Amino acid sequence: MTSDSYGIAPVIAPEETDPELRKLYDGFAAAGLIPLWTEIGNLMPMTPQPEAVPHVWPWDTLLPLARRSGDLVPVGRGGERRAIALANPGLPGRPYATPNLWAAVQYLGPREVAPAHRHSQGAFRFILEGEGVWTVVNGDAVEMRPGDLLLTPSMHWHGHHHVGDAPMVWLDGLDIPLVHRLDAGFFEFGEDGVSDRSTPSRSRNERLWGHPGLRPIGAPDSPNSPLMAYRWADTDDALTAQLELADEGHPGVIEPGHAGVRFTNPATGRDALASLRTEMHRLRPRTATATRRTVGSSVWQIFRGSGTVTLDDRVIEVTAGDLIAVPSWCALTIAAHTQLDLFTFSDAPLYEALNLARTETTEKPETAGNTGSTRA
């Protein structure tokens with residue numbers, strides 16, 4: 001079977017005019033071959049050349065569209081979730097924030113139920129606003145509150161039920177693009193509702209695993225965290241403590257005025273999800289991060305506060321709710337006008353596992369000025 005049995009044959013060196021070389025290249029194409037010497041610049045660039053582009057989705061655009069979806073689009077079998085994916089302009093036609101990361105705004109109205117299902121893709125929820133929703137993960141009801149990080153590891157059953165009186169909105173993050181490219185995806189429908197309509201303030205997994213530094217001896221290790229909820233109160237305390245200790249002259253912050261925590265698996269100490277890194281950062285008012293380039297991509301969301309992000313040479317004003325895609329090797333600087341709390345997730349564990357991780361850090365700016373900034 002030749003390459004054009006599928007109606008596709010590579011076009012090699014279209015500008016080549018030497019008849020003998022043209023004949024050679026046509027022979028390669030007919031046999032489904034491509035020589036390295038015509039492609040090396042694309043295959044082995046001097047630095048990463050991602051298709052995805054740096055981009056900001058403003059919350060004041062996203063939220064009204066999510067609300068309107070709540071009026072018009074039901075939740076149930078078929079669509080499964082009222083989730084609106086970020087589509088990177090550099091990846092046209094694909095609902096991907098970056099080549100490895102799927103991010104979406106999910107909107108659940110009062111008394112609605114998102115039916116149970118499970119899938120190969122690892123997922124989390126970072127809660128933005130609202131109350132009264134419980135996600136049921138493998139039969140364990142977990143309350144969802146603003147600032148909380150909720151996990152749904154690969155092949156865990158999960159559905160949501162809303163008992164409150166106002167809509168809830170959250171950020172969904174999954175490794176959908178990665179699993180799709182690896183041809184590793186499985187999906188199963190569960191029950192039409194959820195298995196547990198209870199509303200406990202503390203789930204069973206939190207009761208077992210949610211004790212700092214204390215590991216249940218009888219519980220096995222797992223590649224994904226067995227703790228399904230990382231509460232904002234704990235995250236907030238940890239970030240506050242880092243900055244207070246810095247004021248007292250003790251180490252702990254990432255850099256002056258910049259605190260950060262990583263959500264980890266209490267059974268192993270590794271990332272909470274095997275394929276996704278999740279973190280929370282806090283910048284003091286009028287401080288800025290160093291400029292960093294990192295191999296691998298990330299998505300950031302402003303949880304509270306306002307500031308600017310510099311993506312390569314573009315400075316953009318951001319405020320609560322805004323979502324930011326940072327492609328591989330894009331230079332990122334974050335500056336705070338007010339206290340700035342940011343949630344971020346990335347594909348860093350993949351690059352570390354393959355020994356491809358690399359970060360370049362340049363000198364930290366002295367001030368967090370916003371000269372020349374724009375609103376996306």
# chains A, B, ... in the order shown; residues from 1 in each chain; ligands from 1

$ residues_around --residues "Thr344 in chain A" --least-positions-apart "5" --cutoff "10 Å" --atoms "only C-alpha atoms" --output "PyMOL selection string"
chain A and resi 126+173+262+277-281+298-303+323-325

$ write_last_selection --atoms "N, CA, C and O atoms" --output "PDB file, in the first residue's frame"
ATOM      1  N   PHE A 126     -11.403  24.316  39.648  1.00  0.00           N
ATOM      2  CA  PHE A 126     -11.021  25.414  40.529  1.00  0.00           C
ATOM      3  C   PHE A 126     -12.220  26.343  40.613  1.00  0.00           C
ATOM      4  O   PHE A 126     -12.672  26.886  39.602  1.00  0.00           O
ATOM      5  N   GLY A 173     -10.085  22.040  34.218  1.00  0.00           N
ATOM      6  CA  GLY A 173      -8.819  21.797  33.544  1.00  0.00           C
ATOM      7  C   GLY A 173      -8.630  20.310  33.328  1.00  0.00           C
ATOM      8  O   GLY A 173      -8.847  19.519  34.253  1.00  0.00           O
ATOM      9  N   ARG A 262       2.326  24.521  45.731  1.00  0.00           N
ATOM     10  CA  ARG A 262       1.974  23.494  44.749  1.00  0.00           C
ATOM     11  C   ARG A 262       1.081  22.471  45.422  1.00  0.00           C
ATOM     12  O   ARG A 262       1.327  22.056  46.563  1.00  0.00           O
ATOM     13  N   ARG A 277       0.255  19.878  36.593  1.00  0.00           N
ATOM     14  CA  ARG A 277       0.742  20.571  37.790  1.00  0.00           C
ATOM     15  C   ARG A 277      -0.240  21.680  38.143  1.00  0.00           C
ATOM     16  O   ARG A 277      -0.694  22.419  37.265  1.00  0.00           O
ATOM     17  N   THR A 278      -0.577  21.794  39.411  1.00  0.00           N
ATOM     18  CA  THR A 278      -1.509  22.815  39.878  1.00  0.00           C
ATOM     19  C   THR A 278      -0.860  23.610  41.004  1.00  0.00           C
ATOM     20  O   THR A 278      -0.257  23.029  41.919  1.00  0.00           O
ATOM     21  N   GLU A 279      -0.975  24.936  40.934  1.00  0.00           N
ATOM     22  CA  GLU A 279      -0.334  25.813  41.913  1.00  0.00           C
ATOM     23  C   GLU A 279      -1.210  27.020  42.197  1.00  0.00           C
ATOM     24  O   GLU A 279      -2.073  27.383  41.395  1.00  0.00           O
ATOM     25  N   MET A 280      -0.929  27.676  43.339  1.00  0.00           N
ATOM     26  CA  MET A 280      -1.543  28.960  43.675  1.00  0.00           C
ATOM     27  C   MET A 280      -0.420  29.929  44.015  1.00  0.00           C
ATOM     28  O   MET A 280       0.531  29.582  44.742  1.00  0.00           O
ATOM     29  N   HIS A 281      -0.523  31.155  43.480  1.00  0.00           N
ATOM     30  CA  HIS A 281       0.496  32.173  43.701  1.00  0.00           C
ATOM     31  C   HIS A 281      -0.148  33.432  44.279  1.00  0.00           C
ATOM     32  O   HIS A 281      -1.324  33.716  44.020  1.00  0.00           O
ATOM     33  N   SER A 298       1.151  26.620  30.050  1.00  0.00           N
ATOM     34  CA  SER A 298       0.379  26.803  31.278  1.00  0.00           C
ATOM     35  C   SER A 298      -0.836  27.672  30.997  1.00  0.00           C
ATOM     36  O   SER A 298      -0.890  28.397  30.000  1.00  0.00           O
ATOM     37  N   VAL A 299      -1.802  27.568  31.896  1.00  0.00           N
ATOM     38  CA  VAL A 299      -2.966  28.448  31.912  1.00  0.00           C
ATOM     39  C   VAL A 299      -3.034  29.057  33.303  1.00  0.00           C
ATOM     40  O   VAL A 299      -2.873  28.356  34.310  1.00  0.00           O
ATOM     41  N   TRP A 300      -3.253  30.379  33.359  1.00  0.00           N
ATOM     42  CA  TRP A 300      -3.358  31.097  34.624  1.00  0.00           C
ATOM     43  C   TRP A 300      -4.744  31.720  34.738  1.00  0.00           C
ATOM     44  O   TRP A 300      -5.317  32.149  33.730  1.00  0.00           O
ATOM     45  N   GLN A 301      -5.263  31.767  35.954  1.00  0.00           N
ATOM     46  CA  GLN A 301      -6.507  32.489  36.189  1.00  0.00           C
ATOM     47  C   GLN A 301      -6.343  33.409  37.385  1.00  0.00           C
ATOM     48  O   GLN A 301      -5.822  33.017  38.433  1.00  0.00           O
ATOM     49  N   ILE A 302      -6.784  34.660  37.199  1.00  0.00           N
ATOM     50  CA  ILE A 302      -6.780  35.615  38.298  1.00  0.00           C
ATOM     51  C   ILE A 302      -7.938  35.263  39.224  1.00  0.00           C
ATOM     52  O   ILE A 302      -9.096  35.295  38.815  1.00  0.00           O
ATOM     53  N   PHE A 303      -7.620  34.912  40.464  1.00  0.00           N
ATOM     54  CA  PHE A 303      -8.675  34.601  41.428  1.00  0.00           C
ATOM     55  C   PHE A 303      -9.144  35.869  42.122  1.00  0.00           C
ATOM     56  O   PHE A 303     -10.348  36.127  42.223  1.00  0.00           O
ATOM     57  N   LEU A 323      -8.530  34.728  32.207  1.00  0.00           N
ATOM     58  CA  LEU A 323      -7.768  33.509  31.939  1.00  0.00           C
ATOM     59  C   LEU A 323      -6.681  33.800  30.917  1.00  0.00           C
ATOM     60  O   LEU A 323      -6.904  34.526  29.940  1.00  0.00           O
ATOM     61  N   ILE A 324      -5.502  33.207  31.137  1.00  0.00           N
ATOM     62  CA  ILE A 324      -4.309  33.539  30.360  1.00  0.00           C
ATOM     63  C   ILE A 324      -3.662  32.240  29.893  1.00  0.00           C
ATOM     64  O   ILE A 324      -3.367  31.354  30.702  1.00  0.00           O
ATOM     65  N   ALA A 325      -3.435  32.114  28.579  1.00  0.00           N
ATOM     66  CA  ALA A 325      -2.701  30.981  28.023  1.00  0.00           C
ATOM     67  C   ALA A 325      -1.261  31.392  27.772  1.00  0.00           C
ATOM     68  O   ALA A 325      -1.003  32.415  27.130  1.00  0.00           O
TER      69      ALA A 325
END

$ residues_around --residues "range 74-91 of chain A" --least-positions-apart "2" --cutoff "7 Å" --atoms "only C-alpha atoms" --output "ChimeraX atom specification"
/A:51-53,72,93-98,103-107,114-115

$ write_last_selection --atoms "N, CA and C atoms" --output "tab-separated table (two decimals), in the first residue's frame"
chain	number	residue	atom	x	y	z
A	51	GLU	N	2.67	26.30	18.11
A	51	GLU	CA	1.55	26.81	17.30
A	51	GLU	C	0.65	27.71	18.14
A	52	ALA	N	0.45	27.36	19.40
A	52	ALA	CA	-0.39	28.17	20.28
A	52	ALA	C	0.24	29.54	20.47
A	53	VAL	N	-0.61	30.54	20.70
A	53	VAL	CA	-0.13	31.90	20.90
A	53	VAL	C	-0.52	32.37	22.31
A	72	LEU	N	-30.07	28.87	27.98
A	72	LEU	CA	-30.47	28.24	26.72
A	72	LEU	C	-30.08	26.77	26.58
A	93	GLY	N	-9.92	25.90	15.17
A	93	GLY	CA	-10.79	24.74	15.03
A	93	GLY	C	-10.66	23.73	16.14
A	94	ARG	N	-9.77	23.97	17.09
A	94	ARG	CA	-9.58	23.02	18.19
A	94	ARG	C	-9.93	23.69	19.51
A	95	PRO	N	-10.65	23.00	20.39
A	95	PRO	CA	-11.06	23.60	21.66
A	95	PRO	C	-9.97	23.46	22.73
A	96	TYR	N	-8.75	23.86	22.40
A	96	TYR	CA	-7.62	23.68	23.29
A	96	TYR	C	-7.06	25.05	23.70
A	97	ALA	N	-6.75	25.19	24.98
A	97	ALA	CA	-6.08	26.41	25.44
A	97	ALA	C	-4.61	26.41	25.02
A	98	THR	N	-3.97	25.24	25.09
A	98	THR	CA	-2.61	25.03	24.59
A	98	THR	C	-2.59	23.62	24.00
A	103	ALA	N	-9.02	23.87	28.91
A	103	ALA	CA	-9.54	24.69	30.00
A	103	ALA	C	-10.92	25.18	29.58
A	104	ALA	N	-11.85	25.20	30.53
A	104	ALA	CA	-13.21	25.60	30.22
A	104	ALA	C	-13.85	26.25	31.43
A	105	VAL	N	-14.81	27.12	31.16
A	105	VAL	CA	-15.67	27.68	32.19
A	105	VAL	C	-16.92	26.81	32.26
A	106	GLN	N	-17.20	26.25	33.43
A	106	GLN	CA	-18.40	25.43	33.60
A	106	GLN	C	-19.41	26.17	34.47
A	107	TYR	N	-20.67	26.07	34.10
A	107	TYR	CA	-21.75	26.85	34.72
A	107	TYR	C	-22.87	25.89	35.08
A	114	ALA	N	-25.53	17.44	37.00
A	114	ALA	CA	-24.70	16.96	35.89
A	114	ALA	C	-24.47	15.47	36.11
A	115	PRO	N	-24.91	14.63	35.18
A	115	PRO	CA	-24.89	13.18	35.42
A	115	PRO	C	-23.48	12.61	35.53

$ closest_residue --among "A:Asp247, A:Ala336, A:Leu356, A:Arg314" --to "Leu283 in chain A" --atoms "only C-alpha atoms"
A:Ala336

$ residues_around --residues "His258 in chain A" --least-positions-apart "6" --cutoff "8 Å" --atoms "only C-alpha atoms" --output "ChimeraX atom specification"
/A:243,281-284,287-289

$ write_last_selection --atoms "C-alpha atoms" --output "tab-separated table (two decimals), in the first residue's frame"
chain	number	residue	atom	x	y	z
A	243	LEU	CA	4.94	36.42	53.21
A	281	HIS	CA	0.50	32.17	43.70
A	282	ARG	CA	0.20	35.45	45.58
A	283	LEU	CA	1.89	38.75	44.77
A	284	ARG	CA	1.95	41.68	47.12
A	287	THR	CA	5.45	43.83	43.13
A	288	ALA	CA	6.38	41.86	40.03
A	289	THR	CA	7.80	38.45	39.23

$ closest_atom_pairs --of "range 157-190 of chain A" --to "range 142-151 of chain A" --cutoff "12 Å" --atoms "only C-alpha atoms" --output "tab-separated table"
residue	atom	partner	partner_atom	distance
A:Trp157	CA	A:Leu151	CA	11.3
A:His158	CA	A:Leu151	CA	9.9
A:Gly159	CA	A:Val142	CA	10.5
A:His160	CA	A:Val142	CA	9.3
A:His161	CA	A:Glu143	CA	10.0
A:His162	CA	A:Met144	CA	10.0
A:Val163	CA	A:Glu143	CA	10.9
A:Gly164	CA	A:Met144	CA	11.4
A:Met168	CA	A:Arg145	CA	9.1
A:Val169	CA	A:Pro146	CA	9.1
A:Trp170	CA	A:Pro146	CA	8.4
A:Leu171	CA	A:Leu149	CA	9.6
A:Asp172	CA	A:Leu150	CA	9.7
A:Gly173	CA	A:Leu151	CA	9.7
A:Leu174	CA	A:Leu151	CA	10.3

$ select_by_dssp --residues "range 43-215 of chain A" --states "strand (DSSP E or B)" --output "PyMOL selection string"
chain A and resi 55-57+83-85+102-108+113-119+123-129+133-137+140-144+149-152+158-162+168-174+187-189

$ closest_residue --among "A:Gln49, A:Thr268, A:Ser198, A:Ser120" --to "Ser225 in chain A" --atoms "only C-alpha atoms"
A:Thr268

$ decode --residues "range 270-288 of chain A" --atoms "N, CA, C and O atoms" --output "tab-separated table (two decimals), in the first residue's frame"
chain	number	residue	atom	x	y	z
A	270	ARG	N	4.35	13.88	45.12
A	270	ARG	CA	4.44	14.38	43.75
A	270	ARG	C	3.21	15.23	43.43
A	270	ARG	O	2.40	15.52	44.29
A	271	ASP	N	3.08	15.62	42.17
A	271	ASP	CA	1.95	16.45	41.78
A	271	ASP	C	0.63	15.75	42.08
A	271	ASP	O	0.53	14.51	42.00
A	272	ALA	N	-0.38	16.55	42.41
A	272	ALA	CA	-1.68	15.99	42.79
A	272	ALA	C	-2.29	15.16	41.66
A	272	ALA	O	-2.95	14.16	41.92
A	273	LEU	N	-2.08	15.57	40.41
A	273	LEU	CA	-2.50	14.81	39.25
A	273	LEU	C	-1.26	14.43	38.45
A	273	LEU	O	-0.35	15.24	38.27
A	274	ALA	N	-1.22	13.20	37.95
A	274	ALA	CA	0.00	12.69	37.34
A	274	ALA	C	0.43	13.48	36.12
A	274	ALA	O	1.63	13.63	35.86
A	275	SER	N	-0.52	14.04	35.36
A	275	SER	CA	-0.18	14.70	34.11
A	275	SER	C	-0.31	16.22	34.16
A	275	SER	O	0.01	16.90	33.18
A	276	LEU	N	-0.79	16.76	35.28
A	276	LEU	CA	-1.02	18.21	35.39
A	276	LEU	C	-0.41	18.75	36.68
A	276	LEU	O	-0.57	18.13	37.74
A	277	ARG	N	0.25	19.88	36.59
A	277	ARG	CA	0.74	20.57	37.79
A	277	ARG	C	-0.24	21.68	38.14
A	277	ARG	O	-0.69	22.42	37.27
A	278	THR	N	-0.58	21.79	39.41
A	278	THR	CA	-1.51	22.82	39.88
A	278	THR	C	-0.86	23.61	41.00
A	278	THR	O	-0.26	23.03	41.92
A	279	GLU	N	-0.98	24.94	40.93
A	279	GLU	CA	-0.33	25.81	41.91
A	279	GLU	C	-1.21	27.02	42.20
A	279	GLU	O	-2.07	27.38	41.39
A	280	MET	N	-0.93	27.68	43.34
A	280	MET	CA	-1.54	28.96	43.67
A	280	MET	C	-0.42	29.93	44.01
A	280	MET	O	0.53	29.58	44.74
A	281	HIS	N	-0.52	31.16	43.48
A	281	HIS	CA	0.50	32.17	43.70
A	281	HIS	C	-0.15	33.43	44.28
A	281	HIS	O	-1.32	33.72	44.02
A	282	ARG	N	0.64	34.17	45.04
A	282	ARG	CA	0.20	35.45	45.58
A	282	ARG	C	1.31	36.48	45.43
A	282	ARG	O	2.46	36.22	45.83
A	283	LEU	N	0.96	37.62	44.86
A	283	LEU	CA	1.89	38.75	44.77
A	283	LEU	C	1.38	39.88	45.63
A	283	LEU	O	0.18	40.18	45.65
A	284	ARG	N	2.31	40.49	46.36
A	284	ARG	CA	1.95	41.68	47.12
A	284	ARG	C	1.68	42.85	46.17
A	284	ARG	O	2.16	42.86	45.04
A	285	PRO	N	0.91	43.84	46.64
A	285	PRO	CA	0.68	45.02	45.80
A	285	PRO	C	1.99	45.66	45.35
A	285	PRO	O	2.96	45.72	46.11
A	286	ARG	N	2.01	46.08	44.08
A	286	ARG	CA	3.14	46.82	43.50
A	286	ARG	C	4.43	46.01	43.49
A	286	ARG	O	5.52	46.54	43.59
A	287	THR	N	4.29	44.69	43.34
A	287	THR	CA	5.45	43.83	43.13
A	287	THR	C	5.30	43.12	41.80
A	287	THR	O	4.21	43.07	41.23
A	288	ALA	N	6.40	42.56	41.32
A	288	ALA	CA	6.38	41.86	40.03
A	288	ALA	C	7.27	40.63	40.13
A	288	ALA	O	8.22	40.57	40.92
